[in-house]
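Novice: input-v3.txt (compact mmCIF, C-alpha atoms and all ligand atoms) pasted underneath:
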```txt
# COMPACT_ATOMS: atom_id res chain seq x y z
CA MET A 1027 -76.30 49.02 -39.97
CA ARG A 1028 -79.48 51.08 -40.10
CA LYS A 1029 -81.60 51.32 -36.96
CA VAL A 1030 -84.77 53.22 -36.13
CA ILE A 1031 -84.81 54.54 -32.57
CA THR A 1032 -87.98 55.92 -31.02
CA VAL A 1033 -87.03 58.75 -28.69
CA LEU A 1034 -89.35 59.53 -25.78
CA LYS A 1035 -87.83 62.67 -24.32
CA GLY A 1036 -90.59 63.14 -21.75
CA ASP A 1037 -90.68 65.84 -19.10
CA GLY A 1038 -88.41 67.85 -16.82
CA ILE A 1039 -84.76 67.14 -17.63
CA GLY A 1040 -85.82 64.39 -20.09
CA PRO A 1041 -85.28 66.50 -23.24
CA GLU A 1042 -81.91 67.84 -22.02
CA ILE A 1043 -80.40 64.44 -21.22
CA THR A 1044 -81.74 62.59 -24.27
CA ASP A 1045 -80.29 65.31 -26.54
CA GLU A 1046 -76.85 64.53 -25.12
CA ALA A 1047 -77.27 60.78 -25.62
CA ILE A 1048 -78.26 61.44 -29.25
CA LYS A 1049 -75.18 63.61 -29.68
CA VAL A 1050 -73.06 60.62 -28.60
CA LEU A 1051 -75.02 58.10 -30.71
CA ASN A 1052 -74.55 60.33 -33.78
CA ARG A 1053 -70.82 60.31 -33.22
CA VAL A 1054 -70.84 56.50 -33.01
CA ALA A 1055 -72.89 56.33 -36.22
CA GLU A 1056 -70.40 58.60 -37.99
CA LYS A 1057 -67.38 56.63 -36.84
CA TYR A 1058 -68.72 53.14 -37.51
CA GLY A 1059 -70.79 53.89 -40.63
CA HIS A 1060 -74.18 53.18 -39.02
CA GLU A 1061 -77.36 55.08 -39.67
CA PHE A 1062 -79.57 55.88 -36.67
CA GLU A 1063 -82.94 57.36 -37.55
CA TYR A 1064 -84.78 59.00 -34.63
CA LYS A 1065 -88.56 59.16 -34.37
CA TYR A 1066 -89.76 61.48 -31.62
CA VAL A 1067 -92.89 60.68 -29.61
CA ASP A 1068 -94.39 62.73 -26.77
CA ILE A 1069 -94.81 60.84 -23.51
CA GLY A 1070 -95.95 61.71 -19.99
CA GLY A 1071 -96.92 65.23 -18.97
CA CYS A 1072 -96.06 66.86 -22.30
CA SER A 1073 -98.38 64.42 -24.04
CA ILE A 1074 -101.15 65.00 -21.48
CA ASP A 1075 -100.89 68.75 -22.17
CA LYS A 1076 -101.14 68.26 -25.93
CA TYR A 1077 -103.42 65.25 -26.32
CA CYS A 1078 -105.01 64.67 -22.86
CA VAL A 1079 -103.39 61.18 -22.71
CA PRO A 1080 -99.86 60.25 -21.54
CA ILE A 1081 -99.13 58.56 -24.89
CA THR A 1082 -101.24 58.49 -28.03
CA ASP A 1083 -102.13 55.31 -29.96
CA GLU A 1084 -99.93 56.52 -32.83
CA GLY A 1085 -97.07 57.08 -30.38
CA MET A 1086 -97.47 53.56 -29.04
CA GLU A 1087 -97.49 52.16 -32.60
CA GLN A 1088 -94.22 53.99 -33.22
CA CYS A 1089 -92.72 52.33 -30.11
CA LYS A 1090 -93.81 48.94 -31.45
CA ASN A 1091 -92.44 49.60 -34.94
CA CYS A 1092 -88.85 50.50 -34.29
CA ASP A 1093 -85.61 48.78 -33.36
CA SER A 1094 -85.44 50.25 -29.86
CA VAL A 1095 -86.73 52.95 -27.58
CA LEU A 1096 -84.70 55.60 -25.74
CA LEU A 1097 -86.50 57.30 -22.86
CA GLY A 1098 -85.65 60.38 -20.80
CA ALA A 1099 -88.10 60.56 -17.87
CA VAL A 1100 -91.73 61.44 -17.26
CA GLY A 1101 -93.76 63.31 -14.67
CA GLY A 1102 -93.54 66.36 -12.49
CA PRO A 1103 -95.62 68.36 -10.01
CA LYS A 1104 -97.72 69.90 -12.79
CA TRP A 1105 -99.32 66.50 -13.44
CA ASP A 1106 -99.41 65.15 -9.87
CA ASN A 1107 -103.14 65.72 -9.57
CA VAL A 1108 -104.38 64.64 -12.98
CA ASP A 1109 -106.91 61.84 -13.19
CA PRO A 1110 -105.15 58.59 -12.09
CA SER A 1111 -106.16 56.90 -15.36
CA VAL A 1112 -103.99 59.30 -17.38
CA ARG A 1113 -101.06 59.85 -15.02
CA PRO A 1114 -97.67 60.18 -16.78
CA GLU A 1115 -96.40 56.80 -15.40
CA LYS A 1116 -99.39 55.05 -17.01
CA ALA A 1117 -97.63 55.55 -20.34
CA LEU A 1118 -94.50 53.80 -19.08
CA LEU A 1119 -96.46 50.81 -17.82
CA ALA A 1120 -98.34 50.70 -21.13
CA VAL A 1121 -95.13 50.75 -23.19
CA ARG A 1122 -93.61 48.00 -21.00
CA ARG A 1123 -96.75 45.90 -21.45
CA GLU A 1124 -97.17 46.50 -25.20
CA LEU A 1125 -93.51 45.78 -25.91
CA GLY A 1126 -93.45 42.75 -23.60
CA LEU A 1127 -90.55 44.19 -21.61
CA PHE A 1128 -90.27 41.55 -18.91
CA ALA A 1129 -86.61 41.97 -17.90
CA ASN A 1130 -85.15 45.08 -16.31
CA LEU A 1131 -81.37 45.23 -16.22
CA ARG A 1132 -79.71 47.71 -13.91
CA PRO A 1133 -75.94 47.68 -13.78
CA THR A 1134 -74.45 49.26 -10.68
CA LYS A 1135 -70.86 50.20 -11.20
CA LEU A 1136 -68.78 52.40 -8.99
CA PHE A 1137 -66.38 54.25 -11.29
CA SER A 1138 -63.08 54.24 -9.40
CA VAL A 1139 -62.66 57.98 -10.02
CA LEU A 1140 -66.00 58.60 -8.29
CA SER A 1141 -65.38 56.37 -5.28
CA LYS A 1142 -65.61 59.40 -2.97
CA ALA A 1143 -69.24 59.84 -4.05
CA SER A 1144 -70.20 56.49 -2.50
CA PRO A 1145 -71.71 56.72 0.98
CA LEU A 1146 -69.91 53.47 1.87
CA LYS A 1147 -66.58 53.33 3.68
CA ASP A 1148 -63.40 53.06 1.59
CA GLU A 1149 -62.66 49.57 2.91
CA VAL A 1150 -66.03 48.37 1.58
CA THR A 1151 -65.61 49.92 -1.87
CA GLU A 1152 -61.90 49.33 -2.35
CA ASN A 1153 -62.48 46.07 -4.25
CA GLY A 1154 -64.91 47.86 -6.53
CA ILE A 1155 -68.64 47.49 -7.06
CA ASP A 1156 -69.77 46.02 -10.35
CA LEU A 1157 -73.06 44.21 -10.19
CA LEU A 1158 -76.09 43.74 -12.39
CA ILE A 1159 -79.62 43.50 -11.03
CA VAL A 1160 -81.98 41.55 -13.28
CA ARG A 1161 -85.50 42.37 -12.16
CA GLU A 1162 -88.67 40.64 -13.36
CA LEU A 1163 -90.85 43.47 -14.65
CA THR A 1164 -94.27 42.28 -15.78
CA GLY A 1165 -95.41 39.82 -13.10
CA GLY A 1166 -95.79 39.56 -9.34
CA ILE A 1167 -97.63 41.80 -6.96
CA TYR A 1168 -97.68 44.92 -9.19
CA PHE A 1169 -99.80 43.06 -11.71
CA GLY A 1170 -101.85 40.80 -9.42
CA LYS A 1171 -105.52 41.07 -8.54
CA ARG A 1172 -106.36 43.97 -6.25
CA ASP A 1173 -109.19 44.31 -3.86
CA THR A 1174 -110.31 47.00 -1.48
CA GLY A 1175 -113.45 47.06 0.58
CA GLU A 1176 -114.95 47.19 3.99
CA GLU A 1177 -116.01 44.43 6.32
CA LYS A 1178 -117.58 44.83 9.74
CA GLY A 1179 -117.00 48.56 9.54
CA GLU A 1180 -113.26 48.19 8.86
CA ALA A 1181 -111.51 48.97 5.60
CA TYR A 1182 -109.21 46.39 4.01
CA ALA A 1183 -106.99 46.17 0.93
CA SER A 1184 -105.21 43.25 -0.69
CA ASP A 1185 -102.74 42.74 -3.56
CA GLU A 1186 -102.18 39.30 -5.01
CA MET A 1187 -98.68 38.09 -5.84
CA LYS A 1188 -98.70 35.39 -8.48
CA TYR A 1189 -95.92 33.97 -10.63
CA TRP A 1190 -96.12 31.50 -13.49
CA GLU A 1191 -93.35 29.02 -14.17
CA HIS A 1192 -92.60 30.48 -17.65
CA GLU A 1193 -92.22 33.99 -16.18
CA ILE A 1194 -89.61 32.76 -13.73
CA GLU A 1195 -87.78 30.67 -16.29
CA ARG A 1196 -87.42 33.44 -18.88
CA ILE A 1197 -86.09 36.00 -16.36
CA GLY A 1198 -83.77 33.34 -14.93
CA ARG A 1199 -82.41 32.68 -18.39
CA VAL A 1200 -81.66 36.39 -18.90
CA ALA A 1201 -79.72 36.32 -15.61
CA PHE A 1202 -77.69 33.21 -16.43
CA GLU A 1203 -76.94 34.41 -19.97
CA SER A 1204 -75.84 37.78 -18.57
CA ALA A 1205 -73.64 36.06 -16.00
CA MET A 1206 -71.95 34.06 -18.76
CA LYS A 1207 -70.80 37.39 -20.26
CA ARG A 1208 -69.63 38.69 -16.86
CA ARG A 1209 -68.01 37.04 -13.83
CA LYS A 1210 -70.23 33.93 -13.99
CA LYS A 1211 -72.06 34.20 -10.70
CA VAL A 1212 -75.83 34.36 -10.12
CA SER A 1213 -77.43 35.25 -6.79
CA SER A 1214 -81.13 34.46 -6.89
CA VAL A 1215 -83.03 36.54 -4.34
CA ASP A 1216 -86.29 35.39 -2.77
CA LYS A 1217 -88.19 34.98 0.49
CA ALA A 1218 -88.55 31.21 0.28
CA ASN A 1219 -88.79 30.86 4.07
CA VAL A 1220 -92.20 32.56 3.88
CA LEU A 1221 -93.65 32.82 0.37
CA ASP A 1222 -94.93 30.09 -1.97
CA THR A 1223 -94.08 32.25 -4.98
CA SER A 1224 -90.48 32.27 -3.75
CA ARG A 1225 -90.43 28.49 -3.31
CA LEU A 1226 -91.55 28.06 -6.92
CA TRP A 1227 -88.99 30.71 -7.94
CA ARG A 1228 -86.21 28.76 -6.22
CA LYS A 1229 -87.25 25.43 -7.76
CA ILE A 1230 -87.16 26.86 -11.31
CA MET A 1231 -83.85 28.66 -10.70
CA HIS A 1232 -82.24 25.46 -9.40
CA LYS A 1233 -83.39 23.59 -12.51
CA LEU A 1234 -81.99 26.34 -14.74
CA SER A 1235 -78.68 26.43 -12.89
CA GLU A 1236 -78.07 22.81 -14.01
CA GLU A 1237 -78.01 24.10 -17.60
CA TYR A 1238 -75.23 26.54 -16.69
CA PRO A 1239 -72.61 24.47 -14.82
CA GLU A 1240 -69.99 27.18 -15.37
CA VAL A 1241 -72.05 29.68 -13.41
CA GLU A 1242 -71.69 29.74 -9.64
CA TYR A 1243 -75.20 29.85 -8.21
CA GLU A 1244 -76.58 30.82 -4.80
CA ASP A 1245 -79.94 31.51 -3.15
CA VAL A 1246 -80.05 34.59 -0.94
CA LEU A 1247 -83.02 35.78 1.11
CA VAL A 1248 -84.14 39.28 0.24
CA ASP A 1249 -83.57 40.67 3.74
CA ASN A 1250 -80.03 39.29 3.77
CA THR A 1251 -79.43 40.75 0.29
CA ALA A 1252 -80.45 44.20 1.53
CA MET A 1253 -77.78 43.89 4.24
CA GLN A 1254 -75.09 42.37 2.03
CA LEU A 1255 -75.45 45.18 -0.52
CA ILE A 1256 -74.23 47.59 2.15
CA LYS A 1257 -71.80 45.29 3.92
CA ASN A 1258 -70.11 43.57 1.01
CA PRO A 1259 -71.48 44.63 -2.41
CA GLY A 1260 -68.36 43.29 -4.14
CA ARG A 1261 -69.58 39.71 -3.52
CA PHE A 1262 -72.36 40.11 -6.10
CA ASP A 1263 -72.13 39.72 -9.86
CA VAL A 1264 -75.66 39.11 -11.20
CA ILE A 1265 -78.64 39.37 -8.86
CA VAL A 1266 -81.93 38.03 -10.21
CA THR A 1267 -85.19 38.68 -8.42
CA GLU A 1268 -88.93 39.23 -8.74
CA ASN A 1269 -90.62 42.53 -9.46
CA MET A 1270 -91.13 44.15 -6.05
CA PHE A 1271 -87.90 42.91 -4.43
CA GLY A 1272 -86.06 44.13 -7.54
CA ASP A 1273 -87.71 47.53 -7.40
CA ILE A 1274 -86.50 48.07 -3.84
CA LEU A 1275 -83.06 46.45 -4.11
CA SER A 1276 -82.17 48.23 -7.34
CA ASP A 1277 -82.83 51.62 -5.75
CA GLU A 1278 -80.71 50.61 -2.78
CA ALA A 1279 -77.93 49.44 -5.11
CA SER A 1280 -78.04 52.65 -7.15
CA MET A 1281 -77.19 54.66 -4.06
CA LEU A 1282 -73.99 52.65 -3.54
CA THR A 1283 -72.44 54.70 -6.31
CA GLY A 1284 -73.57 57.95 -4.73
CA SER A 1285 -75.11 59.46 -7.81
CA ILE A 1286 -78.47 58.69 -9.33
CA GLY A 1287 -77.54 60.68 -12.45
CA MET A 1288 -74.93 58.09 -13.48
CA MET A 1289 -77.10 55.00 -13.60
CA PRO A 1290 -78.42 53.44 -16.82
CA SER A 1291 -81.01 50.73 -17.31
CA ALA A 1292 -82.44 48.47 -19.97
CA SER A 1293 -85.80 46.78 -20.21
CA LEU A 1294 -85.78 43.85 -22.58
CA SER A 1295 -88.36 41.75 -24.40
CA GLU A 1296 -87.98 38.24 -25.78
CA GLY A 1297 -86.84 39.71 -29.09
CA THR A 1298 -84.04 42.20 -29.54
CA ARG A 1299 -86.12 45.32 -28.95
CA GLY A 1300 -85.73 47.08 -25.62
CA MET A 1301 -86.38 50.32 -23.86
CA TYR A 1302 -83.36 52.15 -22.42
CA GLU A 1303 -83.53 54.88 -19.80
CA PRO A 1304 -81.63 56.37 -16.88
CA ILE A 1305 -83.00 55.18 -13.55
CA HIS A 1306 -83.75 58.65 -12.22
CA GLY A 1307 -86.91 60.66 -12.70
CA SER A 1308 -87.57 63.97 -14.45
CA ALA A 1309 -85.83 66.03 -11.72
CA PRO A 1310 -88.23 69.00 -11.97
CA ASP A 1311 -86.12 70.90 -9.40
CA ILE A 1312 -83.27 71.32 -11.92
CA ALA A 1313 -85.15 71.12 -15.24
CA GLY A 1314 -84.38 73.74 -17.88
CA GLN A 1315 -81.12 74.86 -16.21
CA ASN A 1316 -78.71 72.78 -18.33
CA ILE A 1317 -77.11 71.32 -15.18
CA ALA A 1318 -78.47 67.73 -15.20
CA ASN A 1319 -76.04 64.85 -15.44
CA PRO A 1320 -76.57 63.21 -18.85
CA LEU A 1321 -74.22 60.25 -18.21
CA GLY A 1322 -76.96 57.84 -17.06
CA THR A 1323 -78.77 58.42 -20.35
CA ILE A 1324 -75.57 58.22 -22.40
CA LEU A 1325 -74.73 54.90 -20.67
CA SER A 1326 -78.30 53.73 -21.37
CA ALA A 1327 -77.66 54.42 -25.06
CA ALA A 1328 -74.52 52.27 -24.76
CA MET A 1329 -76.67 49.45 -23.31
CA MET A 1330 -78.98 49.82 -26.32
CA LEU A 1331 -76.07 49.25 -28.67
CA ARG A 1332 -74.89 46.25 -26.63
CA TYR A 1333 -78.17 44.46 -25.96
CA SER A 1334 -80.45 45.40 -28.88
CA PHE A 1335 -78.09 46.14 -31.76
CA ASP A 1336 -75.30 43.68 -30.99
CA MET A 1337 -72.73 46.49 -31.23
CA ALA A 1338 -70.45 45.56 -28.33
CA LYS A 1339 -67.44 47.46 -29.67
CA GLU A 1340 -69.43 50.65 -30.06
CA ALA A 1341 -70.92 50.22 -26.57
CA ASP A 1342 -67.44 49.75 -25.10
CA GLU A 1343 -66.32 52.90 -26.87
CA ILE A 1344 -69.07 54.98 -25.22
CA GLU A 1345 -68.35 53.49 -21.78
CA ASN A 1346 -64.64 54.18 -22.18
CA ALA A 1347 -65.38 57.74 -23.32
CA VAL A 1348 -67.43 58.30 -20.14
CA ASN A 1349 -64.65 56.83 -18.02
CA GLU A 1350 -62.01 59.02 -19.68
CA THR A 1351 -64.16 62.12 -19.27
CA LEU A 1352 -64.48 61.45 -15.54
CA LYS A 1353 -60.77 60.66 -15.25
CA GLU A 1354 -59.95 64.03 -16.82
CA GLY A 1355 -61.93 65.62 -13.99
CA TYR A 1356 -65.09 66.84 -15.74
CA ARG A 1357 -68.13 66.79 -13.44
CA THR A 1358 -71.72 67.96 -13.53
CA VAL A 1359 -72.84 69.67 -10.34
CA ASP A 1360 -74.38 66.52 -8.77
CA ILE A 1361 -70.98 64.75 -8.73
CA MET A 1362 -68.78 67.83 -8.33
CA GLU A 1363 -65.74 67.56 -6.02
CA ASP A 1364 -63.01 70.03 -5.04
CA GLY A 1365 -60.37 70.43 -7.70
CA LYS A 1366 -62.54 69.16 -10.55
CA THR A 1367 -63.96 71.06 -13.52
CA GLN A 1368 -67.68 71.73 -13.35
CA VAL A 1369 -69.46 71.49 -16.70
CA SER A 1370 -73.05 71.84 -17.87
CA CYS A 1371 -75.25 69.04 -19.19
CA SER A 1372 -74.58 69.96 -22.83
CA GLU A 1373 -70.84 70.44 -22.25
CA MET A 1374 -70.64 67.00 -20.64
CA GLY A 1375 -72.40 65.44 -23.66
CA LYS A 1376 -70.02 67.20 -26.05
CA ILE A 1377 -66.89 66.16 -24.13
CA VAL A 1378 -67.98 62.49 -24.18
CA ALA A 1379 -68.97 62.68 -27.87
CA ASP A 1380 -65.66 64.31 -28.83
CA LYS A 1381 -63.78 61.32 -27.40
CA ILE A 1382 -65.40 59.13 -30.06
CA CYS A 1383 -63.42 59.99 -33.16
P1 LIG J 1401 -85.83 62.25 -9.43
O1 LIG J 1401 -85.00 61.06 -9.77
O2 LIG J 1401 -86.40 62.98 -10.58
O3 LIG J 1401 -84.96 63.30 -8.58
C1 LIG J 1401 -84.40 62.98 -7.30
C2 LIG J 1401 -83.23 63.95 -7.02
O4 LIG J 1401 -82.14 63.56 -7.85
C3 LIG J 1401 -83.54 65.40 -7.37
O5 LIG J 1401 -82.92 66.24 -6.45
C4 LIG J 1401 -82.93 65.60 -8.74
O6 LIG J 1401 -82.54 66.92 -9.02
C5 LIG J 1401 -81.75 64.64 -8.69
N1 LIG J 1401 -81.45 64.09 -10.02
C6 LIG J 1401 -82.15 63.16 -10.70
N2 LIG J 1401 -81.60 62.93 -11.89
C7 LIG J 1401 -80.53 63.73 -11.98
C8 LIG J 1401 -79.56 63.96 -12.99
N3 LIG J 1401 -79.57 63.32 -14.17
N4 LIG J 1401 -78.60 64.88 -12.76
C9 LIG J 1401 -78.55 65.54 -11.58
N5 LIG J 1401 -79.44 65.36 -10.58
C10 LIG J 1401 -80.42 64.47 -10.79
O7 LIG J 1401 -86.97 61.74 -8.44
P2 LIG J 1401 -88.23 62.52 -7.85
O8 LIG J 1401 -87.87 63.94 -7.55
O9 LIG J 1401 -88.76 61.65 -6.81
O10 LIG J 1401 -89.29 62.51 -9.04
C11 LIG J 1401 -89.51 63.60 -9.92
C12 LIG J 1401 -90.55 63.18 -10.96
O11 LIG J 1401 -90.02 62.12 -11.76
C13 LIG J 1401 -91.83 62.65 -10.33
O12 LIG J 1401 -92.92 63.15 -11.08
C14 LIG J 1401 -91.73 61.14 -10.50
O13 LIG J 1401 -92.98 60.53 -10.59
C15 LIG J 1401 -90.97 61.05 -11.79
N6 LIG J 1401 -90.22 59.77 -11.99
C16 LIG J 1401 -90.15 59.31 -13.24
C17 LIG J 1401 -89.42 58.17 -13.52
C18 LIG J 1401 -89.33 57.71 -14.95
O14 LIG J 1401 -89.70 58.44 -15.84
N7 LIG J 1401 -88.84 56.51 -15.21
C19 LIG J 1401 -88.73 57.53 -12.49
C20 LIG J 1401 -88.79 58.05 -11.21
C21 LIG J 1401 -89.54 59.20 -10.96
```
Any chance you could give the structure as structure tokens?
Specialist:
Amino acid sequence: MRKVITVLKGDGIGPEITDEAIKVLNRVAEKYGHEFEYKYVDIGGCSIDKYCVPITDEGMEQCKNCDSVLLGAVGGPKWDNVDPSVRPEKALLAVRRELGLFANLRPTKLFSVLSKASPLKDEVTENGIDLLIVRELTGGIYFGKRDTGEEKGEAYASDEMKYWEHEIERIGRVAFESAMKRRKKVSSVDKANVLDTSRLWRKIMHKLSEEYPEVEYEDVLVDNTAMQLIKNPGRFDVIVTENMFGDILSDEASMLTGSIGMMPSASLSEGTRGMYEPIHGSAPDIAGQNIANPLGTILSAAMMLRYSFDMAKEADEIENAVNETLKEGYRTVDIMEDGKTQVSCSEMGKIVADKIC
């Protein structure tokens, strides 16, 4: 198969970690006879420095005319005070919008060999943590009408939260379809005791659940979900929720594994194209030192193969290679433990790639 991948390396550690993911993808291409062609586009601060915008129109066209997008991370203190209209994150929101990326998938898996990195007690993690958060990405309060003003000498601000039926149905479908490929359980998270948007959300999810009788379905309130993630994360398989709840819960879930550098994510559109990126930022504090953990980006590349290119076997091979590498005791500094072998970002990428032969 031939696939064109747009690579947005971005800022900070972005270039270091995406290089390692490409190293691994190249090894997969070699082994399985695929051809991956990479098109590089500047995004975020590096694009602001060169072109005064966080992504150029040509760059955006390239994102729209490829099979998938691989992203490192954007931003850093150098661009914290640029004009809000051209901030680095603006480019990410623009790519999500232009590509219609409405579903954000964040798997949270505690690798058994890294169980000590989890802040949770052993008895909570002993049954493993393997859950997938499916977050609605293009609706809700982040995209609603905003208003700020002053009345009777007092300032006010408001953000509207609105959901359309079709937005709820399509994200629900992603969740149920994902559950069918996993342990067949969907937990739909809302605040239906308070919000009308949540009551509509629940109604649509219930209707959808009738189409998937094999999937065990439950409604969970968002506040209860926040507690359950700490108390009993093993009870969850697929969690589906709206934009803001998903933003908060997925960060909480990522900490269950103890290392932000390990976590991949996928943002999907209605077609096969997606954008794949680690969940962390550009880590300016460690940029340029070749010490970042590239595994979140490498696992994001595996998600790209699985979800956009229908290459499940190749994706499994990358995930197994990561698992083996950790089992053999190789660690970047962020996940280093006594008795293990500390390696650099590029060494970690090479060790994983070398397992694919
Ligand atoms: P961050 O995720 O970049 O870093 C938080 C901490 O985790 C830092 O100590 C960092 O060194 C560490 N860390 C992150 N990734 C790591 C990795 N792969 N290996 C080892 N350690 C890692 O979050 P932050 O410091 O709040 O943000 C830094 C910049 O990134 C900001 O400009 C922010 O706006 C931006 N950001 C970008 C994205 C994105 O591009 N999607 C997401 C979040 C933050």
Novice: Could you tell me, counting all atoms listed in the file, which protein and nucleic acid residues lie no more than 8 Å from ligand LIG 1401 (chain J), written as a PyMOL selection string?
Specialist: chain A and resi 1036+1038-1039+1043+1097-1103+1105-1106+1114-1115+1118+1285-1288+1303-1313+1317-1323+1358-1360
Novice: Could you dump the residues just selected with C-alpha atoms as a PDB file, in the frame of the given file?
Specialist:
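Final file, again.pdb:
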```pdb
ATOM      1  CA  GLY A1036     -90.590  63.140 -21.750  1.00  0.00           C
ATOM      2  CA  GLY A1038     -88.410  67.850 -16.820  1.00  0.00           C
ATOM      3  CA  ILE A1039     -84.760  67.140 -17.630  1.00  0.00           C
ATOM      4  CA  ILE A1043     -80.400  64.440 -21.220  1.00  0.00           C
ATOM      5  CA  LEU A1097     -86.500  57.300 -22.860  1.00  0.00           C
ATOM      6  CA  GLY A1098     -85.650  60.380 -20.800  1.00  0.00           C
ATOM      7  CA  ALA A1099     -88.100  60.560 -17.870  1.00  0.00           C
ATOM      8  CA  VAL A1100     -91.730  61.440 -17.260  1.00  0.00           C
ATOM      9  CA  GLY A1101     -93.760  63.310 -14.670  1.00  0.00           C
ATOM     10  CA  GLY A1102     -93.540  66.360 -12.490  1.00  0.00           C
ATOM     11  CA  PRO A1103     -95.620  68.360 -10.010  1.00  0.00           C
ATOM     12  CA  TRP A1105     -99.320  66.500 -13.440  1.00  0.00           C
ATOM     13  CA  ASP A1106     -99.410  65.150  -9.870  1.00  0.00           C
ATOM     14  CA  PRO A1114     -97.670  60.180 -16.780  1.00  0.00           C
ATOM     15  CA  GLU A1115     -96.400  56.800 -15.400  1.00  0.00           C
ATOM     16  CA  LEU A1118     -94.500  53.800 -19.080  1.00  0.00           C
ATOM     17  CA  SER A1285     -75.110  59.460  -7.810  1.00  0.00           C
ATOM     18  CA  ILE A1286     -78.470  58.690  -9.330  1.00  0.00           C
ATOM     19  CA  GLY A1287     -77.540  60.680 -12.450  1.00  0.00           C
ATOM     20  CA  MET A1288     -74.930  58.090 -13.480  1.00  0.00           C
ATOM     21  CA  GLU A1303     -83.530  54.880 -19.800  1.00  0.00           C
ATOM     22  CA  PRO A1304     -81.630  56.370 -16.880  1.00  0.00           C
ATOM     23  CA  ILE A1305     -83.000  55.180 -13.550  1.00  0.00           C
ATOM     24  CA  HIS A1306     -83.750  58.650 -12.220  1.00  0.00           C
ATOM     25  CA  GLY A1307     -86.910  60.660 -12.700  1.00  0.00           C
ATOM     26  CA  SER A1308     -87.570  63.970 -14.450  1.00  0.00           C
ATOM     27  CA  ALA A1309     -85.830  66.030 -11.720  1.00  0.00           C
ATOM     28  CA  PRO A1310     -88.230  69.000 -11.970  1.00  0.00           C
ATOM     29  CA  ASP A1311     -86.120  70.900  -9.400  1.00  0.00           C
ATOM     30  CA  ILE A1312     -83.270  71.320 -11.920  1.00  0.00           C
ATOM     31  CA  ALA A1313     -85.150  71.120 -15.240  1.00  0.00           C
ATOM     32  CA  ILE A1317     -77.110  71.320 -15.180  1.00  0.00           C
ATOM     33  CA  ALA A1318     -78.470  67.730 -15.200  1.00  0.00           C
ATOM     34  CA  ASN A1319     -76.040  64.850 -15.440  1.00  0.00           C
ATOM     35  CA  PRO A1320     -76.570  63.210 -18.850  1.00  0.00           C
ATOM     36  CA  LEU A1321     -74.220  60.250 -18.210  1.00  0.00           C
ATOM     37  CA  GLY A1322     -76.960  57.840 -17.060  1.00  0.00           C
ATOM     38  CA  THR A1323     -78.770  58.420 -20.350  1.00  0.00           C
ATOM     39  CA  THR A1358     -71.720  67.960 -13.530  1.00  0.00           C
ATOM     40  CA  VAL A1359     -72.840  69.670 -10.340  1.00  0.00           C
ATOM     41  CA  ASP A1360     -74.380  66.520  -8.770  1.00  0.00           C
TER      42      ASP A1360
END
```
Novice: Between A:Gln1368, A:Val1160, A:Thr1267, A:Ser1141, which one has atoms that come closest to Tyr1189 in chain A, using all atoms listed in the file?
Specialist: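 Checking each candidate against Tyr1189 in chain A, we get A:Thr1267 as the closest.
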Novice: Nearest residue to Ser1291 in chain A out of A:Ile1256, A:Ile1194, A:Leu1034, A:Ile1159, using only C-alpha atoms?
Specialist: A:Ile1159
Novice: Nearest residue to Asp1245 in chain A out of A:Lys1076, A:Arg1228, A:Arg1261, A:Arg1332, using only C-alpha atoms?
Specialist: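 Going through A:Lys1076, A:Arg1228, A:Arg1261, A:Arg1332 one by one, the smallest distance to Asp1245 in chain A is for A:Arg1228.
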Novice: Go ahead and compute the interatomic distance for CA of Asp1156 in chain A and CA of Val1378 in chain A, in Å to one decimal.
Specialist: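 If I compute the distance from CA of Asp1156 in chain A to CA of Val1378 in chain A, I get 21.6 Å.
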